[in-house]
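K.L.:
One structure is given below, represented as structure tokens, and several questions about it will come after.
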Amino acid sequence: MNGYPPPANSVEPLSEAETELLLRAAGSLPEFSPYLFSGCHDRAHAAYVLLPAAVRAKAGKVWLFPPARYTSAIAGKLGLNLAVPYGEKVEWGYHVALYFKTSRGDLVLDAALTPGQLISPERWFSMMKIPAPSFWTVLDGGLYLFNDSGTPSFGRPPWPHRNTNLMNGYFYRYEGDAAGSNRIPLNLARDAVGAALIAGGGCPALRAAITEPENLLELLRRTDLPADCAPLQERFRTEVQSWSQRLSQAR
């Protein structure tokens, strides 16, 4: 990615009063656990849901895609350009945060990298190691995630593939709670446990999955973990209930 291109025109600018409302709302959002191995789309959408309606109506989301997510031929994932515990192990196939156009300039709200703060897109990009050729775009703030198309087939003999689970360009809105999956609360609760594990302590069974978010979530939902995992499993259940209540009340 070379430089910082102009923002998308699809995001409607906030008025000065709405910008002030955004600044106040950003500072009063609940704490999002800094577990950076997964969950950026969950944090971004939870923050989106919790914003005042007037601000939410004009919110966008900025999506950053390295080549590993959109082509099977070129290697390269996003890395973290911050000195944080386990930061050298963080690899992303994409990253997303909230995006706003204001009279004070374009602003990004990343609930994990800069919780409670609105920063410039340039600063946001600088927090990541971005391989070439990466690209970014700004889309409707109500879009939650995208579908994967898997690895394309080029016939026989098979061509070498560096990447799988490629983004196919189709983005969809969040309907997890309506379908009963409770996806965002579960993932945010998992993040809280992951952050606690990174901070130290925790049972060995969970610590073994500290950098594997999907495996960690699966473990937390099991009923046969050793007794020394009980405190973190209870923390997980409490966080699920808390996030479910927050998000249901905000809608």
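Ordering of the structure tokens sets the chain letters (A, B, ...), residue numbers begin anew at 1 in every chain, and ligands are numbered from 1 in the order given.
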Write out as number ranges by chain which residues come within 10 Å of region 103-117 of chain A when counting only C-alpha atoms, dropping same-chain ones fewer than 5 positions away.

P.N.:
A: 6-7, 13-16, 19, 22-36, 39-40, 42-48, 60-62, 80, 82, 95-98, 122-124, 127-128

K.L.:
Those residues with N, CA and C atoms, as a short mmCIF file (atom, residue, chain, number, x, y, z; two decimals), in the first residue's frame please?

P.N.:
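The resulting result.cif:
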data_model
loop_
_atom_site.label_atom_id
_atom_site.label_comp_id
_atom_site.auth_asym_id
_atom_site.auth_seq_id
_atom_site.Cartn_x
_atom_site.Cartn_y
_atom_site.Cartn_z
N PRO A 6 -7.45 9.09 -0.96
CA PRO A 6 -8.64 9.77 -0.45
C PRO A 6 -9.65 8.77 0.08
N PRO A 7 -10.49 9.18 1.03
CA PRO A 7 -11.50 8.28 1.60
C PRO A 7 -12.63 8.02 0.61
N PRO A 13 -20.44 12.93 5.80
CA PRO A 13 -19.73 13.67 6.85
C PRO A 13 -20.62 13.96 8.06
N LEU A 14 -20.01 13.93 9.23
CA LEU A 14 -20.69 14.31 10.46
C LEU A 14 -20.74 15.83 10.57
N SER A 15 -21.81 16.34 11.13
CA SER A 15 -21.85 17.76 11.45
C SER A 15 -20.94 18.02 12.65
N GLU A 16 -20.74 19.30 12.97
CA GLU A 16 -19.89 19.62 14.12
C GLU A 16 -20.51 19.09 15.41
N THR A 19 -19.98 15.41 15.50
CA THR A 19 -18.59 15.10 15.80
C THR A 19 -18.34 15.18 17.30
N LEU A 22 -19.77 12.14 18.81
CA LEU A 22 -18.89 11.00 18.57
C LEU A 22 -17.73 10.98 19.55
N LEU A 23 -17.10 12.13 19.76
CA LEU A 23 -15.96 12.21 20.69
C LEU A 23 -16.36 11.79 22.10
N ARG A 24 -17.53 12.23 22.54
CA ARG A 24 -18.00 11.86 23.88
C ARG A 24 -18.34 10.37 23.93
N ALA A 25 -18.99 9.88 22.89
CA ALA A 25 -19.41 8.48 22.88
C ALA A 25 -18.20 7.54 22.84
N ALA A 26 -17.18 7.91 22.07
CA ALA A 26 -16.00 7.06 21.97
C ALA A 26 -15.34 6.88 23.33
N GLY A 27 -15.32 7.95 24.11
CA GLY A 27 -14.69 7.89 25.42
C GLY A 27 -15.50 7.14 26.46
N SER A 28 -16.77 6.89 26.18
CA SER A 28 -17.63 6.21 27.15
C SER A 28 -17.98 4.78 26.74
N LEU A 29 -17.38 4.29 25.66
CA LEU A 29 -17.63 2.90 25.27
C LEU A 29 -17.08 1.95 26.33
N PRO A 30 -17.70 0.78 26.49
CA PRO A 30 -17.16 -0.20 27.45
C PRO A 30 -15.77 -0.67 27.01
N GLU A 31 -15.05 -1.21 27.94
CA GLU A 31 -13.69 -1.67 27.66
C GLU A 31 -13.71 -2.92 26.80
N PHE A 32 -12.94 -2.89 25.72
CA PHE A 32 -12.77 -4.06 24.87
C PHE A 32 -11.42 -4.69 25.20
N SER A 33 -11.42 -5.97 25.48
CA SER A 33 -10.18 -6.64 25.90
C SER A 33 -9.17 -6.65 24.76
N PRO A 34 -7.91 -6.33 25.05
CA PRO A 34 -6.88 -6.25 24.01
C PRO A 34 -6.31 -7.62 23.65
N TYR A 35 -7.17 -8.50 23.18
CA TYR A 35 -6.75 -9.81 22.69
C TYR A 35 -6.70 -9.70 21.16
N LEU A 36 -5.51 -9.63 20.61
CA LEU A 36 -5.35 -9.20 19.23
C LEU A 36 -5.19 -10.34 18.22
N GLY A 39 -11.00 -11.18 16.31
CA GLY A 39 -12.10 -10.39 16.86
C GLY A 39 -12.23 -8.96 16.43
N CYS A 40 -11.42 -8.47 15.44
CA CYS A 40 -11.53 -7.05 15.08
C CYS A 40 -12.91 -6.73 14.53
N ASP A 42 -15.70 -8.19 15.36
CA ASP A 42 -16.64 -8.20 16.48
C ASP A 42 -16.54 -6.92 17.30
N ARG A 43 -15.31 -6.49 17.57
CA ARG A 43 -15.13 -5.24 18.33
C ARG A 43 -15.67 -4.06 17.54
N ALA A 44 -15.36 -4.01 16.23
CA ALA A 44 -15.83 -2.89 15.42
C ALA A 44 -17.35 -2.84 15.38
N HIS A 45 -17.98 -4.00 15.26
CA HIS A 45 -19.44 -3.98 15.15
C HIS A 45 -20.09 -3.72 16.49
N ALA A 46 -19.53 -4.22 17.57
CA ALA A 46 -20.08 -3.91 18.89
C ALA A 46 -19.99 -2.42 19.16
N ALA A 47 -18.84 -1.81 18.84
CA ALA A 47 -18.70 -0.36 19.02
C ALA A 47 -19.70 0.38 18.15
N TYR A 48 -19.90 -0.08 16.94
CA TYR A 48 -20.88 0.53 16.02
C TYR A 48 -22.28 0.50 16.63
N GLY A 60 -18.80 4.60 8.85
CA GLY A 60 -18.31 3.62 7.89
C GLY A 60 -17.38 2.65 8.60
N LYS A 61 -16.93 1.66 7.86
CA LYS A 61 -15.88 0.77 8.36
C LYS A 61 -14.77 0.72 7.33
N VAL A 62 -13.53 0.86 7.81
CA VAL A 62 -12.38 0.77 6.93
C VAL A 62 -11.82 -0.64 7.03
N LEU A 80 1.66 -6.64 13.42
CA LEU A 80 1.44 -5.58 14.39
C LEU A 80 2.72 -4.77 14.55
N LEU A 82 3.44 -2.66 16.98
CA LEU A 82 3.36 -2.14 18.34
C LEU A 82 4.11 -3.07 19.29
N HIS A 95 -7.96 -6.48 8.59
CA HIS A 95 -8.26 -5.73 9.81
C HIS A 95 -9.34 -4.71 9.48
N VAL A 96 -10.17 -4.40 10.48
CA VAL A 96 -11.29 -3.48 10.26
C VAL A 96 -11.50 -2.63 11.50
N ALA A 97 -11.91 -1.39 11.28
CA ALA A 97 -12.23 -0.47 12.37
C ALA A 97 -13.28 0.51 11.86
N LEU A 98 -13.87 1.28 12.76
CA LEU A 98 -14.86 2.28 12.38
C LEU A 98 -14.18 3.49 11.76
N GLU A 122 -3.78 7.79 8.82
CA GLU A 122 -2.33 7.61 8.70
C GLU A 122 -1.75 6.95 9.95
N ARG A 123 -2.19 7.41 11.12
CA ARG A 123 -1.69 6.80 12.36
C ARG A 123 -2.16 5.36 12.48
N TRP A 124 -3.40 5.10 12.07
CA TRP A 124 -3.94 3.75 12.15
C TRP A 124 -3.11 2.81 11.28
N MET A 127 0.28 1.63 12.67
CA MET A 127 0.30 0.66 13.76
C MET A 127 0.42 -0.78 13.26
N MET A 128 0.39 -0.94 11.93
CA MET A 128 0.44 -2.28 11.35
C MET A 128 1.59 -2.41 10.38
#

K.L.:
Out of region 24-151 of chain A, which residues get alpha helix (DSSP H) from DSSP, as a PyMOL selection string?

P.N.:
chain A and resi 24-27+40-50+53-56+67-70+121-126

K.L.:
Those selected residues, please, written with C-alpha atoms and delivered as a short mmCIF file (atom, residue, chain, number, x, y, z; two decimals), in the first residue's frame.

P.N.:
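Here's the written file result_23.cif:
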data_model
loop_
_atom_site.label_atom_id
_atom_site.label_comp_id
_atom_site.auth_asym_id
_atom_site.auth_seq_id
_atom_site.Cartn_x
_atom_site.Cartn_y
_atom_site.Cartn_z
CA ARG A 24 -18.00 11.86 23.88
CA ALA A 25 -19.41 8.48 22.88
CA ALA A 26 -16.00 7.06 21.97
CA GLY A 27 -14.69 7.89 25.42
CA CYS A 40 -11.53 -7.05 15.08
CA HIS A 41 -14.84 -7.38 13.21
CA ASP A 42 -16.64 -8.20 16.48
CA ARG A 43 -15.13 -5.24 18.33
CA ALA A 44 -15.83 -2.89 15.42
CA HIS A 45 -19.44 -3.98 15.15
CA ALA A 46 -20.08 -3.91 18.89
CA ALA A 47 -18.70 -0.36 19.02
CA TYR A 48 -20.88 0.53 16.02
CA VAL A 49 -24.02 -0.80 17.73
CA LEU A 50 -23.21 1.08 20.95
CA ALA A 53 -28.02 6.61 16.45
CA ALA A 54 -27.14 9.95 14.83
CA VAL A 55 -23.45 8.98 14.68
CA ARG A 56 -24.09 5.37 13.74
CA PRO A 67 -2.59 -10.32 -0.40
CA ALA A 68 -3.07 -13.48 1.68
CA ARG A 69 -6.80 -12.72 1.82
CA TYR A 70 -7.58 -11.88 -1.79
CA PRO A 121 -6.07 6.99 9.14
CA GLU A 122 -2.33 7.61 8.70
CA ARG A 123 -1.69 6.80 12.36
CA TRP A 124 -3.94 3.75 12.15
CA PHE A 125 -2.04 2.39 9.18
CA SER A 126 1.27 3.04 10.95
#

K.L.:
From the DSSP assignment of the backbone, select every residue of region 15-217 of chain A that is strand (DSSP E or B), and format the answer as JSON, numbers by chain.

P.N.:
{"A": [60, 61, 62, 63, 64, 65, 78, 79, 80, 91, 92, 95, 96, 97, 98, 99, 100, 101, 102, 105, 106, 107, 108, 109, 119, 128, 129, 135, 136, 137, 138, 139, 140, 143, 144, 145, 146, 147, 148, 167, 168, 169, 170, 171, 172, 173]}

K.L.:
Using only C-alpha atoms, determine which residues lie at most 10 Å from Ile210 (chain A), disregarding the query and same-chain residues fewer than 6 positions distant; provide the list as a PyMOL selection string.

P.N.:
chain A and resi 35+37+86+193-198+204+216

K.L.:
Take the residues from that selection and put them in a file with N, CA, C and O atoms, as an mmCIF file, in the first residue's frame.

P.N.:
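Result written to out_38.cif:
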data_model
loop_
_atom_site.group_PDB
_atom_site.id
_atom_site.type_symbol
_atom_site.label_atom_id
_atom_site.label_comp_id
_atom_site.auth_asym_id
_atom_site.auth_seq_id
_atom_site.Cartn_x
_atom_site.Cartn_y
_atom_site.Cartn_z
ATOM 1 N N TYR A 35 -7.175 -8.502 23.183
ATOM 2 C CA TYR A 35 -6.749 -9.812 22.685
ATOM 3 C C TYR A 35 -6.704 -9.704 21.164
ATOM 4 O O TYR A 35 -7.745 -9.659 20.500
ATOM 5 N N PHE A 37 -5.437 -11.569 18.646
ATOM 6 C CA PHE A 37 -5.305 -12.672 17.708
ATOM 7 C C PHE A 37 -6.564 -12.877 16.866
ATOM 8 O O PHE A 37 -6.552 -13.628 15.900
ATOM 9 N N TYR A 86 3.195 -10.650 23.132
ATOM 10 C CA TYR A 86 2.819 -11.572 22.063
ATOM 11 C C TYR A 86 2.606 -10.857 20.726
ATOM 12 O O TYR A 86 2.149 -11.464 19.769
ATOM 13 N N VAL A 193 -11.022 -13.503 28.207
ATOM 14 C CA VAL A 193 -10.220 -14.593 28.769
ATOM 15 C C VAL A 193 -8.839 -14.619 28.132
ATOM 16 O O VAL A 193 -7.820 -14.800 28.814
ATOM 17 N N GLY A 194 -8.780 -14.420 26.812
ATOM 18 C CA GLY A 194 -7.493 -14.401 26.134
ATOM 19 C C GLY A 194 -6.570 -13.322 26.674
ATOM 20 O O GLY A 194 -5.371 -13.550 26.876
ATOM 21 N N ALA A 195 -7.132 -12.136 26.931
ATOM 22 C CA ALA A 195 -6.335 -11.040 27.494
ATOM 23 C C ALA A 195 -5.850 -11.390 28.887
ATOM 24 O O ALA A 195 -4.720 -11.059 29.270
ATOM 25 N N ALA A 196 -6.694 -12.059 29.678
ATOM 26 C CA ALA A 196 -6.295 -12.477 31.020
ATOM 27 C C ALA A 196 -5.164 -13.499 30.960
ATOM 28 O O ALA A 196 -4.231 -13.463 31.775
ATOM 29 N N LEU A 197 -5.220 -14.393 29.990
ATOM 30 C CA LEU A 197 -4.152 -15.374 29.830
ATOM 31 C C LEU A 197 -2.840 -14.705 29.431
ATOM 32 O O LEU A 197 -1.764 -15.061 29.919
ATOM 33 N N ILE A 198 -2.919 -13.727 28.534
ATOM 34 C CA ILE A 198 -1.719 -13.005 28.114
ATOM 35 C C ILE A 198 -1.096 -12.251 29.278
ATOM 36 O O ILE A 198 0.133 -12.150 29.398
ATOM 37 N N PRO A 204 -3.271 -24.438 32.554
ATOM 38 C CA PRO A 204 -2.471 -24.881 31.401
ATOM 39 C C PRO A 204 -3.300 -25.265 30.188
ATOM 40 O O PRO A 204 -2.895 -25.025 29.048
ATOM 41 N N LEU A 216 -9.502 -21.662 21.503
ATOM 42 C CA LEU A 216 -9.746 -21.147 22.843
ATOM 43 C C LEU A 216 -11.244 -21.051 23.120
ATOM 44 O O LEU A 216 -11.723 -21.433 24.195
#

K.L.:
Grab the CA of Ala75 (chain A) to CA of Ile130 (chain A) distance for me, in Å with one decimal place.

P.N.:
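So the two atoms, CA of Ala75 (chain A) and CA of Ile130 (chain A), lie 11.9 Å apart.
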
K.L.:
Please measure the separation of CA of Pro213 (chain A) and CA of Gly93 (chain A), giving the value in Å to one decimal.

P.N.:
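That distance, rounded to one decimal, is 13.9 Å.
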
K.L.:
Considering only C-alpha atoms, return as a list of chain:residue names whatever protein or nucleic-acid residues lie within 7 Å of region 235-247 of chain A, sequence-local ones (same chain, fewer than 2 positions apart) excluded.

P.N.:
A:Val49, A:Leu50, A:Pro185, A:Leu186, A:Ala189, A:Arg190, A:Val193, A:Pro231, A:Leu232, A:Gln233, A:Gln249, A:Ala250, A:Arg251

K.L.:
Give the answer as one residue: which of A:Val90, A:Leu51, A:Ala57, A:Leu217 has the shortest atom-to-atom distance to Arg183 (chain A), using only C-alpha atoms?

P.N.:
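Ranked by minimum distance to Arg183 (chain A), first place goes to A:Leu217.
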
K.L.:
For Pro131 (chain A), list every protein, DNA or RNA residue within 9 Å, evaluated using only C-alpha atoms, and leave out those in the same chain fewer than 6 positions away; present the list as a count of residues only.

P.N.:
8

K.L.:
Nearest residue to Thr164 (chain A) out of A:Val84, A:Ala73, A:Ala192, A:Leu21, using only C-alpha atoms?

P.N.:
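Comparing A:Val84, A:Ala73, A:Ala192, A:Leu21 against Thr164 (chain A), the winner is A:Ala73.
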
K.L.:
From the list A:Lys101, A:Pro133, A:Leu118, A:Glu18, which residue is nearest Phe65 (chain A) when using only C-alpha atoms?

P.N.:
A:Pro133

K.L.:
Residues within 12 Å of Asn215 (chain A), please, as a PyMOL selection string. Count only C-alpha atoms; anything in the same chain fewer than 3 positions from it doesn't count.

P.N.:
chain A and resi 37-38+187+190+194+205-212+218-222
